[in-house]
Structures are given as C-alpha cells and as structure tokens.
$ cat coords-v8.pdb   # PDB, C-alpha atoms
ATOM      1  CA  MET A   1    -130.240-101.370-177.073  1.00  0.00           C
ATOM      2  CA  ARG A   2    -126.932-100.277-178.541  1.00  0.00           C
ATOM      3  CA  SER A   3    -123.771-101.575-176.923  1.00  0.00           C
ATOM      4  CA  ASP A   4    -120.648 -99.536-176.295  1.00  0.00           C
ATOM      5  CA  TRP A   5    -117.465-100.218-178.250  1.00  0.00           C
ATOM      6  CA  ASP A   6    -115.752-101.237-175.012  1.00  0.00           C
ATOM      7  CA  ASP A   7    -118.336-104.021-174.598  1.00  0.00           C
ATOM      8  CA  LEU A   8    -116.665-105.941-177.427  1.00  0.00           C
ATOM      9  CA  PRO A   9    -114.442-108.785-176.232  1.00  0.00           C
ATOM     10  CA  SER A  10    -110.744-108.055-176.634  1.00  0.00           C
ATOM     11  CA  GLU A  11    -110.358-110.803-179.244  1.00  0.00           C
ATOM     12  CA  VAL A  12    -112.992-109.101-181.409  1.00  0.00           C
ATOM     13  CA  ARG A  13    -111.339-105.685-181.099  1.00  0.00           C
ATOM     14  CA  ASP A  14    -107.959-107.264-181.889  1.00  0.00           C
ATOM     15  CA  ALA A  15    -109.416-108.925-184.993  1.00  0.00           C
ATOM     16  CA  ILE A  16    -110.872-105.606-186.133  1.00  0.00           C
ATOM     17  CA  GLU A  17    -107.617-103.716-185.603  1.00  0.00           C
ATOM     18  CA  ALA A  18    -105.835-106.404-187.632  1.00  0.00           C
ATOM     19  CA  ARG A  19    -107.955-105.120-190.546  1.00  0.00           C
ATOM     20  CA  THR A  20    -108.001-101.401-189.772  1.00  0.00           C
ATOM     21  CA  GLY A  21    -104.816-100.604-187.928  1.00  0.00           C
ATOM     22  CA  ALA A  22    -104.838 -99.101-184.436  1.00  0.00           C
ATOM     23  CA  VAL A  23    -108.131 -97.432-183.476  1.00  0.00           C
ATOM     24  CA  ARG A  24    -107.533 -93.941-182.140  1.00  0.00           C
ATOM     25  CA  ARG A  25    -111.127 -92.828-181.571  1.00  0.00           C
ATOM     26  CA  VAL A  26    -114.622 -94.303-181.802  1.00  0.00           C
ATOM     27  CA  GLU A  27    -117.652 -92.208-182.795  1.00  0.00           C
ATOM     28  CA  ALA A  28    -120.994 -93.918-182.215  1.00  0.00           C
ATOM     29  CA  ALA A  29    -123.698 -93.502-184.878  1.00  0.00           C
ATOM     30  CA  PRO A  30    -126.514 -91.283-183.563  1.00  0.00           C
ATOM     31  CA  ALA A  31    -129.339 -93.272-185.185  1.00  0.00           C
ATOM     32  CA  GLY A  32    -130.273 -96.547-186.851  1.00  0.00           C
ATOM     33  CA  ASN A  33    -130.987-100.079-185.704  1.00  0.00           C
ATOM     34  CA  HIS A  34    -130.350-103.728-186.623  1.00  0.00           C
ATOM     35  CA  ALA A  35    -126.878-103.743-185.080  1.00  0.00           C
ATOM     36  CA  ASN A  36    -125.670-103.832-181.496  1.00  0.00           C
ATOM     37  CA  ILE A  37    -122.824-101.505-182.413  1.00  0.00           C
ATOM     38  CA  ALA A  38    -122.680 -98.973-185.250  1.00  0.00           C
ATOM     39  CA  SER A  39    -119.695 -96.639-185.126  1.00  0.00           C
ATOM     40  CA  THR A  40    -117.108 -94.756-187.134  1.00  0.00           C
ATOM     41  CA  LEU A  41    -113.596 -95.869-186.261  1.00  0.00           C
ATOM     42  CA  HIS A  42    -110.895 -93.245-186.596  1.00  0.00           C
ATOM     43  CA  THR A  43    -107.780 -95.297-187.247  1.00  0.00           C
ATOM     44  CA  VAL A  44    -104.155 -94.696-188.134  1.00  0.00           C
ATOM     45  CA  ASP A  45    -105.097 -95.432-191.773  1.00  0.00           C
ATOM     46  CA  GLY A  46    -108.279 -93.362-191.953  1.00  0.00           C
ATOM     47  CA  ARG A  47    -111.919 -93.897-191.129  1.00  0.00           C
ATOM     48  CA  VAL A  48    -114.080 -96.984-191.441  1.00  0.00           C
ATOM     49  CA  PHE A  49    -117.723 -97.527-190.492  1.00  0.00           C
ATOM     50  CA  VAL A  50    -118.467-100.716-188.596  1.00  0.00           C
ATOM     51  CA  LYS A  51    -121.660-102.539-187.691  1.00  0.00           C
ATOM     52  CA  ALA A  52    -121.471-105.378-185.201  1.00  0.00           C
ATOM     53  CA  ALA A  53    -123.990-107.819-183.752  1.00  0.00           C
ATOM     54  CA  ARG A  54    -123.742-110.326-180.922  1.00  0.00           C
ATOM     55  CA  LYS A  55    -124.783-113.920-181.548  1.00  0.00           C
ATOM     56  CA  GLU A  56    -127.325-115.606-179.320  1.00  0.00           C
ATOM     57  CA  PRO A  57    -126.504-118.915-177.598  1.00  0.00           C
ATOM     58  CA  GLY A  58    -126.433-121.630-180.242  1.00  0.00           C
ATOM     59  CA  ARG A  59    -127.713-119.453-183.085  1.00  0.00           C
ATOM     60  CA  ASP A  60    -127.207-116.218-184.976  1.00  0.00           C
ATOM     61  CA  GLY A  61    -130.186-114.211-183.720  1.00  0.00           C
ATOM     62  CA  SER A  62    -132.058-111.542-185.701  1.00  0.00           C
ATOM     63  CA  GLU A  63    -129.349-108.860-185.576  1.00  0.00           C
ATOM     64  CA  VAL A  64    -126.632-111.192-186.884  1.00  0.00           C
ATOM     65  CA  LYS A  65    -128.951-112.550-189.585  1.00  0.00           C
ATOM     66  CA  SER A  66    -129.660-108.984-190.688  1.00  0.00           C
ATOM     67  CA  LEU A  67    -125.940-108.243-191.020  1.00  0.00           C
ATOM     68  CA  ARG A  68    -125.332-111.472-192.944  1.00  0.00           C
ATOM     69  CA  TRP A  69    -127.962-110.441-195.480  1.00  0.00           C
ATOM     70  CA  GLU A  70    -126.452-106.961-195.666  1.00  0.00           C
ATOM     71  CA  ALA A  71    -123.012-108.439-196.358  1.00  0.00           C
ATOM     72  CA  ALA A  72    -124.372-110.831-198.997  1.00  0.00           C
ATOM     73  CA  ILE A  73    -126.277-108.177-200.954  1.00  0.00           C
ATOM     74  CA  ASN A  74    -123.639-105.420-200.747  1.00  0.00           C
ATOM     75  CA  ARG A  75    -121.762-106.203-203.960  1.00  0.00           C
ATOM     76  CA  HIS A  76    -125.029-106.208-205.891  1.00  0.00           C
ATOM     77  CA  VAL A  77    -125.872-102.635-204.855  1.00  0.00           C
ATOM     78  CA  ALA A  78    -122.348-101.168-204.925  1.00  0.00           C
ATOM     79  CA  GLU A  79    -123.532 -98.253-207.084  1.00  0.00           C
ATOM     80  CA  HIS A  80    -125.921 -97.087-204.380  1.00  0.00           C
ATOM     81  CA  ALA A  81    -124.354 -98.120-201.055  1.00  0.00           C
ATOM     82  CA  PRO A  82    -121.061 -97.860-199.159  1.00  0.00           C
ATOM     83  CA  ARG A  83    -118.781-100.749-200.100  1.00  0.00           C
ATOM     84  CA  LEU A  84    -118.194-103.583-197.679  1.00  0.00           C
ATOM     85  CA  HIS A  85    -114.434-103.921-197.174  1.00  0.00           C
ATOM     86  CA  TRP A  86    -114.243-106.848-194.756  1.00  0.00           C
ATOM     87  CA  THR A  87    -116.023-109.025-192.232  1.00  0.00           C
ATOM     88  CA  VAL A  88    -114.825-110.327-188.877  1.00  0.00           C
ATOM     89  CA  GLU A  89    -116.378-113.216-186.995  1.00  0.00           C
ATOM     90  CA  ALA A  90    -114.858-113.818-183.562  1.00  0.00           C
ATOM     91  CA  GLY A  91    -115.760-114.088-179.905  1.00  0.00           C
ATOM     92  CA  GLY A  92    -119.461-114.587-180.592  1.00  0.00           C
ATOM     93  CA  TRP A  93    -119.737-111.425-182.719  1.00  0.00           C
ATOM     94  CA  LEU A  94    -120.134-110.647-186.422  1.00  0.00           C
ATOM     95  CA  VAL A  95    -118.600-107.351-187.556  1.00  0.00           C
ATOM     96  CA  LEU A  96    -118.884-105.665-190.966  1.00  0.00           C
ATOM     97  CA  GLY A  97    -116.428-102.960-192.029  1.00  0.00           C
ATOM     98  CA  PHE A  98    -117.685-100.481-194.644  1.00  0.00           C
ATOM     99  CA  GLU A  99    -116.154 -97.579-196.516  1.00  0.00           C
ATOM    100  CA  HIS A 100    -116.824 -94.396-194.559  1.00  0.00           C
ATOM    101  CA  VAL A 101    -119.116 -91.959-196.355  1.00  0.00           C
ATOM    102  CA  ARG A 102    -119.786 -88.363-195.359  1.00  0.00           C
ATOM    103  CA  ALA A 103    -123.516 -87.905-195.685  1.00  0.00           C
ATOM    104  CA  ARG A 104    -126.701 -86.628-194.091  1.00  0.00           C
ATOM    105  CA  HIS A 105    -130.192 -87.958-193.646  1.00  0.00           C
ATOM    106  CA  ALA A 106    -132.415 -87.454-196.666  1.00  0.00           C
ATOM    107  CA  ASP A 107    -135.147 -84.824-196.431  1.00  0.00           C
ATOM    108  CA  TYR A 108    -138.429 -86.547-197.293  1.00  0.00           C
ATOM    109  CA  ARG A 109    -140.643 -83.491-196.843  1.00  0.00           C
ATOM    110  CA  PRO A 110    -142.908 -82.346-199.695  1.00  0.00           C
ATOM    111  CA  GLY A 111    -140.981 -80.269-202.203  1.00  0.00           C
ATOM    112  CA  SER A 112    -137.555 -81.492-201.102  1.00  0.00           C
ATOM    113  CA  SER A 113    -135.017 -81.925-203.902  1.00  0.00           C
ATOM    114  CA  ASP A 114    -133.914 -85.119-202.138  1.00  0.00           C
ATOM    115  CA  LEU A 115    -137.089 -86.810-203.388  1.00  0.00           C
ATOM    116  CA  GLU A 116    -135.845 -86.636-206.968  1.00  0.00           C
ATOM    117  CA  THR A 117    -132.513 -88.114-205.934  1.00  0.00           C
ATOM    118  CA  LEU A 118    -134.380 -90.878-204.117  1.00  0.00           C
ATOM    119  CA  ALA A 119    -136.475 -91.530-207.218  1.00  0.00           C
ATOM    120  CA  GLU A 120    -133.312 -91.927-209.322  1.00  0.00           C
ATOM    121  CA  VAL A 121    -131.954 -94.491-206.852  1.00  0.00           C
ATOM    122  CA  ILE A 122    -135.236 -96.426-206.835  1.00  0.00           C
ATOM    123  CA  ASP A 123    -135.309 -96.415-210.654  1.00  0.00           C
ATOM    124  CA  GLY A 124    -131.773 -97.798-210.680  1.00  0.00           C
ATOM    125  CA  LEU A 125    -132.568-100.519-208.175  1.00  0.00           C
ATOM    126  CA  GLN A 126    -135.733-101.548-210.001  1.00  0.00           C
ATOM    127  CA  ALA A 127    -133.753-101.949-213.217  1.00  0.00           C
ATOM    128  CA  MET A 128    -131.435-104.491-211.569  1.00  0.00           C
ATOM    129  CA  PRO A 129    -132.171-108.206-211.914  1.00  0.00           C
ATOM    130  CA  CYS A 130    -132.936-109.917-208.622  1.00  0.00           C
ATOM    131  CA  PRO A 131    -129.741-111.642-207.353  1.00  0.00           C
ATOM    132  CA  ASP A 132    -129.903-115.417-207.140  1.00  0.00           C
ATOM    133  CA  LEU A 133    -129.096-115.268-203.440  1.00  0.00           C
ATOM    134  CA  LEU A 134    -132.543-113.772-202.788  1.00  0.00           C
ATOM    135  CA  ASP A 135    -134.787-116.815-202.813  1.00  0.00           C
ATOM    136  CA  ARG A 136    -138.219-115.549-203.820  1.00  0.00           C
ATOM    137  CA  ARG A 137    -139.801-118.345-201.780  1.00  0.00           C
ATOM    138  CA  ARG A 138    -138.669-116.503-198.648  1.00  0.00           C
ATOM    139  CA  VAL A 139    -141.061-113.606-199.221  1.00  0.00           C
ATOM    140  CA  ASP A 140    -143.809-114.958-196.964  1.00  0.00           C
ATOM    141  CA  ARG A 141    -141.291-115.656-194.200  1.00  0.00           C
ATOM    142  CA  ARG A 142    -140.032-112.076-194.341  1.00  0.00           C
ATOM    143  CA  TRP A 143    -143.210-111.096-192.496  1.00  0.00           C
ATOM    144  CA  GLY A 144    -142.166-113.060-189.417  1.00  0.00           C
ATOM    145  CA  ASP A 145    -140.626-109.867-188.043  1.00  0.00           C
ATOM    146  CA  PRO A 146    -141.827-106.325-188.680  1.00  0.00           C
ATOM    147  CA  PRO A 147    -139.921-104.454-191.387  1.00  0.00           C
ATOM    148  CA  ALA A 148    -137.744-101.563-190.294  1.00  0.00           C
ATOM    149  CA  GLY A 149    -136.315 -98.383-191.699  1.00  0.00           C
ATOM    150  CA  GLU A 150    -137.361 -94.834-192.452  1.00  0.00           C
ATOM    151  CA  THR A 151    -140.835 -94.237-193.852  1.00  0.00           C
ATOM    152  CA  LEU A 152    -141.871 -91.701-196.552  1.00  0.00           C
ATOM    153  CA  LYS A 153    -144.609 -89.936-194.665  1.00  0.00           C
ATOM    154  CA  ALA A 154    -142.613 -86.861-193.459  1.00  0.00           C
ATOM    155  CA  GLY A 155    -145.333 -84.302-194.041  1.00  0.00           C
ATOM    156  CA  HIS A 156    -146.972 -86.359-196.812  1.00  0.00           C
ATOM    157  CA  GLY A 157    -150.504 -87.567-196.324  1.00  0.00           C
ATOM    158  CA  PRO A 158    -151.200 -91.148-197.497  1.00  0.00           C
ATOM    159  CA  ALA A 159    -152.702 -90.009-200.805  1.00  0.00           C
ATOM    160  CA  GLN A 160    -149.804 -87.628-201.463  1.00  0.00           C
ATOM    161  CA  ALA A 161    -147.239 -90.324-200.689  1.00  0.00           C
ATOM    162  CA  GLU A 162    -149.026 -92.770-202.994  1.00  0.00           C
ATOM    163  CA  GLY A 163    -149.093 -90.145-205.719  1.00  0.00           C
ATOM    164  CA  TRP A 164    -145.324 -89.864-205.472  1.00  0.00           C
ATOM    165  CA  ALA A 165    -144.881 -93.649-205.557  1.00  0.00           C
ATOM    166  CA  ALA A 166    -147.140 -93.997-208.606  1.00  0.00           C
ATOM    167  CA  ARG A 167    -144.240 -92.997-210.895  1.00  0.00           C
ATOM    168  CA  PHE A 168    -142.618 -96.397-210.331  1.00  0.00           C
ATOM    169  CA  PRO A 169    -143.689 -99.402-212.426  1.00  0.00           C
ATOM    170  CA  SER A 170    -143.597-101.721-209.428  1.00  0.00           C
ATOM    171  CA  TRP A 171    -146.295 -99.596-207.795  1.00  0.00           C
ATOM    172  CA  ALA A 172    -148.339 -98.568-210.816  1.00  0.00           C
ATOM    173  CA  GLY A 173    -148.481-102.132-212.138  1.00  0.00           C
ATOM    174  CA  THR A 174    -149.563-103.751-208.872  1.00  0.00           C
ATOM    175  CA  ASP A 175    -153.141-104.900-208.336  1.00  0.00           C
ATOM    176  CA  PRO A 176    -154.743-102.421-205.883  1.00  0.00           C
ATOM    177  CA  ALA A 177    -156.108-105.359-203.888  1.00  0.00           C
ATOM    178  CA  HIS A 178    -152.549-106.532-203.311  1.00  0.00           C
ATOM    179  CA  LEU A 179    -151.589-103.059-202.091  1.00  0.00           C
ATOM    180  CA  ASP A 180    -154.548-103.158-199.700  1.00  0.00           C
ATOM    181  CA  ALA A 181    -153.424-106.516-198.329  1.00  0.00           C
ATOM    182  CA  TYR A 182    -149.835-105.332-197.984  1.00  0.00           C
ATOM    183  CA  ALA A 183    -150.858-102.142-196.184  1.00  0.00           C
ATOM    184  CA  CYS A 184    -152.992-104.081-193.701  1.00  0.00           C
ATOM    185  CA  ALA A 185    -150.251-106.661-193.066  1.00  0.00           C
ATOM    186  CA  PHE A 186    -147.678-103.900-192.683  1.00  0.00           C
ATOM    187  CA  ALA A 187    -149.848-102.053-190.166  1.00  0.00           C
ATOM    188  CA  GLU A 188    -150.598-105.202-188.187  1.00  0.00           C
ATOM    189  CA  ARG A 189    -146.935-106.142-187.925  1.00  0.00           C
ATOM    190  CA  TRP A 190    -146.045-102.710-186.603  1.00  0.00           C
ATOM    191  CA  ARG A 191    -148.991-102.756-184.209  1.00  0.00           C
ATOM    192  CA  ALA A 192    -147.844-106.112-182.841  1.00  0.00           C
ATOM    193  CA  ASN A 193    -144.282-104.834-182.582  1.00  0.00           C
ATOM    194  CA  THR A 194    -145.352-101.975-180.305  1.00  0.00           C
ATOM    195  CA  GLU A 195    -146.749-104.448-177.778  1.00  0.00           C
ATOM    196  CA  THR A 196    -143.147-105.050-176.694  1.00  0.00           C
ATOM    197  CA  ASN A 197    -141.301-102.136-178.304  1.00  0.00           C
ATOM    198  CA  ARG A 198    -142.414 -98.743-177.022  1.00  0.00           C
ATOM    199  CA  ALA A 199    -139.508 -96.779-178.492  1.00  0.00           C
ATOM    200  CA  PRO A 200    -140.666 -93.458-180.021  1.00  0.00           C
ATOM    201  CA  TRP A 201    -139.497 -94.445-183.516  1.00  0.00           C
ATOM    202  CA  ALA A 202    -141.454 -97.707-183.344  1.00  0.00           C
ATOM    203  CA  LEU A 203    -144.620 -95.924-182.220  1.00  0.00           C
ATOM    204  CA  GLU A 204    -144.178 -93.399-185.025  1.00  0.00           C
ATOM    205  CA  HIS A 205    -143.799 -96.160-187.613  1.00  0.00           C
ATOM    206  CA  ALA A 206    -146.848 -97.987-186.261  1.00  0.00           C
ATOM    207  CA  ALA A 207    -148.957 -94.840-186.395  1.00  0.00           C
ATOM    208  CA  ALA A 208    -147.894 -94.073-189.970  1.00  0.00           C
ATOM    209  CA  ALA A 209    -148.549 -97.658-191.055  1.00  0.00           C
ATOM    210  CA  GLY A 210    -151.994 -97.514-189.441  1.00  0.00           C
ATOM    211  CA  ARG A 211    -152.856 -94.273-191.247  1.00  0.00           C
ATOM    212  CA  TRP A 212    -151.850 -95.815-194.552  1.00  0.00           C
ATOM    213  CA  ALA A 213    -153.940 -98.950-193.961  1.00  0.00           C
ATOM    214  CA  ASP A 214    -156.951 -96.817-193.014  1.00  0.00           C
ATOM    215  CA  HIS A 215    -156.482 -94.803-196.201  1.00  0.00           C
ATOM    216  CA  ARG A 216    -156.343 -97.944-198.351  1.00  0.00           C
ATOM    217  CA  LEU A 217    -159.505 -99.367-196.780  1.00  0.00           C
ATOM    218  CA  THR A 218    -161.586 -96.191-196.997  1.00  0.00           C
ATOM    219  CA  LYS A 219    -160.725 -94.911-200.484  1.00  0.00           C
TER     220      LYS A 219
END
$ encode --input "coords-v8.pdb" --output "structure tokens"
Amino acid sequence: MRSDWDDLPSEVRDAIEARTGAVRRVEAAPAGNHANIASTLHTVDGRVFVKAARKEPGRDGSEVKSLRWEAAINRHVAEHAPRLHWTVEAGGWLVLGFEHVRARHADYRPGSSDLETLAEVIDGLQAMPCPDLLDRRRVDRRWGDPPAGETLKAGHGPAQAEGWAARFPSWAGTDPAHLDAYACAFAERWRANTETNRAPWALEHAAAAGRWADHRLTK
C-alpha cells in the first residue's frame, strides 16, 4: 500500500526540504512498487522525484533494503537511469531523491519501436562489468522474495518472447536446462506470492510466469 506524502513525519519532510527547497506541490506516481512513497516534488528550485520507505521495528524491512540497493547501484548505471542526487535517513524513513525525467512507459507490444531501444539498453548493460558491490554469492538468496517489475509478454507468446531474447549472448549462451529451472522457479515464486497478494498486477505476473514455465516444459 502506498502512503500519502502527508504521512511522512515532519522531521523527514523538513530534512527533504533542506535538500530541495520548499515543496509547493506533490504529484504521486501512478504506478510502480517497492516504495511506500513515490512522488514528484514541485519545489521552488524545480522538480525532483523521490522514493521513500518506512523502516520496520529494529530492522530495515524489504522496501528499505530495495531502496538501499537502488542507491548503491545508481552510479554504475548512470547512462541508463535517472541520477540519484541525495539520500535522507530520518524519523524511521529512508528517502532517495532522483533527477526528474519526463518519460512514458515503454510499449512492449510486437512490432513496437520501443523494443529496439530496449535491446540497445540491454546490450549496454550486458557490456558492463559486474560491480564489486554485487556479491555473486547472494544469487541464491535473491529468490527468497519473488522478483518484481514489468514483464515482456505484452502480446508476445512465450516462443515469440524467447525469440526476441535470443539476440542477447546471456540468453543464447545459457544451457536450456538452466532456463527450464529458472522458469519453473520464477513461476513458483509468483504463484506463492499470490497466496497473500491478490493485486491485479501480481496475478497477471503469476499467470505470465506460469505460461512461460509450461512452455519450457512442453517444448
């Protein structure tokens, strides 16, 4: 559940305005997850996009951990992502302030020109060395929670989506058995997630993941 800007303690809002100047208007993001608050702040000095997460008693909690990772990796992907300008940690909240970017959601449908742009970004990311901060030993633990984000199945069948992904070395060079195992694990994590999360986007992701796993196991 997203929180309202006014739910932030006054000390957190004061700490943010110390970085941004006075906030004149707040525009909540219409979509997304992994943050209790995601909003564009219209300030006396311009616009800034903020993501904020509330800590749990005695620990960070999943939302705060997600933002910490996002802050840590930002400088490594500066070519492809809005720049992180500052962080604020106060009153039991972690807040990230990013450069504001005018944009739209990518169109993942078959034939969309956005797919070529996406492919260029993926090629660029795959050419980057893995930052030291990403401990490869953590890979197995990453499956403790279901992955999140948009999924390339917007009008693509599983075979069509795989055909598109086959252009990338990381896909083409992977043992098919490993792809099978990944697809099944991915589907199971989303299935388990829907036992407690019945949001439409979660059900959609679970259904897509299930279709992909079925495709992998019946080809």
$ resolve_selection --input "coords-v8.pdb" --expression "the PyMOL selection byres ((chain A and resi 169) around 12)" --output "PDB file with C-alpha atoms, in the frame of the given file"
ATOM      1  CA  ALA A 119    -136.475 -91.530-207.218  1.00  0.00           C
ATOM      2  CA  ILE A 122    -135.236 -96.426-206.835  1.00  0.00           C
ATOM      3  CA  ASP A 123    -135.309 -96.415-210.654  1.00  0.00           C
ATOM      4  CA  LEU A 125    -132.568-100.519-208.175  1.00  0.00           C
ATOM      5  CA  GLN A 126    -135.733-101.548-210.001  1.00  0.00           C
ATOM      6  CA  ALA A 127    -133.753-101.949-213.217  1.00  0.00           C
ATOM      7  CA  TRP A 164    -145.324 -89.864-205.472  1.00  0.00           C
ATOM      8  CA  ALA A 165    -144.881 -93.649-205.557  1.00  0.00           C
ATOM      9  CA  ALA A 166    -147.140 -93.997-208.606  1.00  0.00           C
ATOM     10  CA  ARG A 167    -144.240 -92.997-210.895  1.00  0.00           C
ATOM     11  CA  PHE A 168    -142.618 -96.397-210.331  1.00  0.00           C
ATOM     12  CA  SER A 170    -143.597-101.721-209.428  1.00  0.00           C
ATOM     13  CA  TRP A 171    -146.295 -99.596-207.795  1.00  0.00           C
ATOM     14  CA  ALA A 172    -148.339 -98.568-210.816  1.00  0.00           C
ATOM     15  CA  GLY A 173    -148.481-102.132-212.138  1.00  0.00           C
ATOM     16  CA  THR A 174    -149.563-103.751-208.872  1.00  0.00           C
ATOM     17  CA  ASP A 175    -153.141-104.900-208.336  1.00  0.00           C
TER      18      ASP A 175
END
$ atom_distance --input "coords-v8.pdb" --atom1 "atom CA of A:Trp212" --atom2 "atom CA of A:Ala187"
7.9 Å
$ atom_distance --input "coords-v8.pdb" --atom1 "atom CA of A:Ala181" --atom2 "atom CA of A:Trp201"
23.6 Å
$ residues_around --input "coords-v8.pdb" --residues "A:Gly111" --least-positions-apart "3" --cutoff "12 Å" --atoms "all atoms listed in the file" --output "list in words"
Asp107, Tyr108, Asp114, Leu115, Glu116, Ala154, Gly155, His156, Gln160, Ala161 and Trp164 of chain A
$ resolve_selection --input "coords-v8.pdb" --expression "the PyMOL selection byres ((chain A and resi 36) around 6)" --output "count of residues only"
6
$ resolve_selection --input "coords-v8.pdb" --expression "the PyMOL selection byres ((chain A and resi 87) around 10)" --output "PyMOL selection string"
chain A and resi 15-16+19+50-52+68+71+84-86+88-90+94-98
$ residues_around --input "coords-v8.pdb" --residues "A:Glu27" --least-positions-apart "6" --cutoff "10 Å" --atoms "only C-alpha atoms" --output "list in words"
Trp5, Ala38, Ser39, Thr40, Leu41, His42 and Phe49 of chain A
$ closest_residue --input "coords-v8.pdb" --among "A:Ala213, A:Ala177, A:Val12, A:Ala78" --to "A:Arg54" --atoms "all atoms listed in the file"
A:Val12
$ atom_distance --input "coords-v8.pdb" --atom1 "atom CA of A:Trp93" --atom2 "atom CA of A:Val64"
8.1 Å
$ closest_residue --input "coords-v8.pdb" --among "A:Ala202, A:Glu99, A:Met128, A:Leu118" --to "A:Gly32" --atoms "only C-alpha atoms"
A:Ala202
$ closest_residue --input "coords-v8.pdb" --among "A:Ala183, A:Leu8, A:Ala159, A:Cys130" --to "A:Leu217" --atoms "all atoms listed in the file"
A:Ala183
$ closest_residue --input "coords-v8.pdb" --among "A:Gly92, A:Arg211, A:Pro158, A:Val77" --to "A:Arg59" --atoms "all atoms listed in the file"
A:Gly92
$ closest_residue --input "coords-v8.pdb" --among "A:Leu133, A:Ala31, A:Pro57, A:Asp180" --to "A:Glu70" --atoms "all atoms listed in the file"
A:Leu133
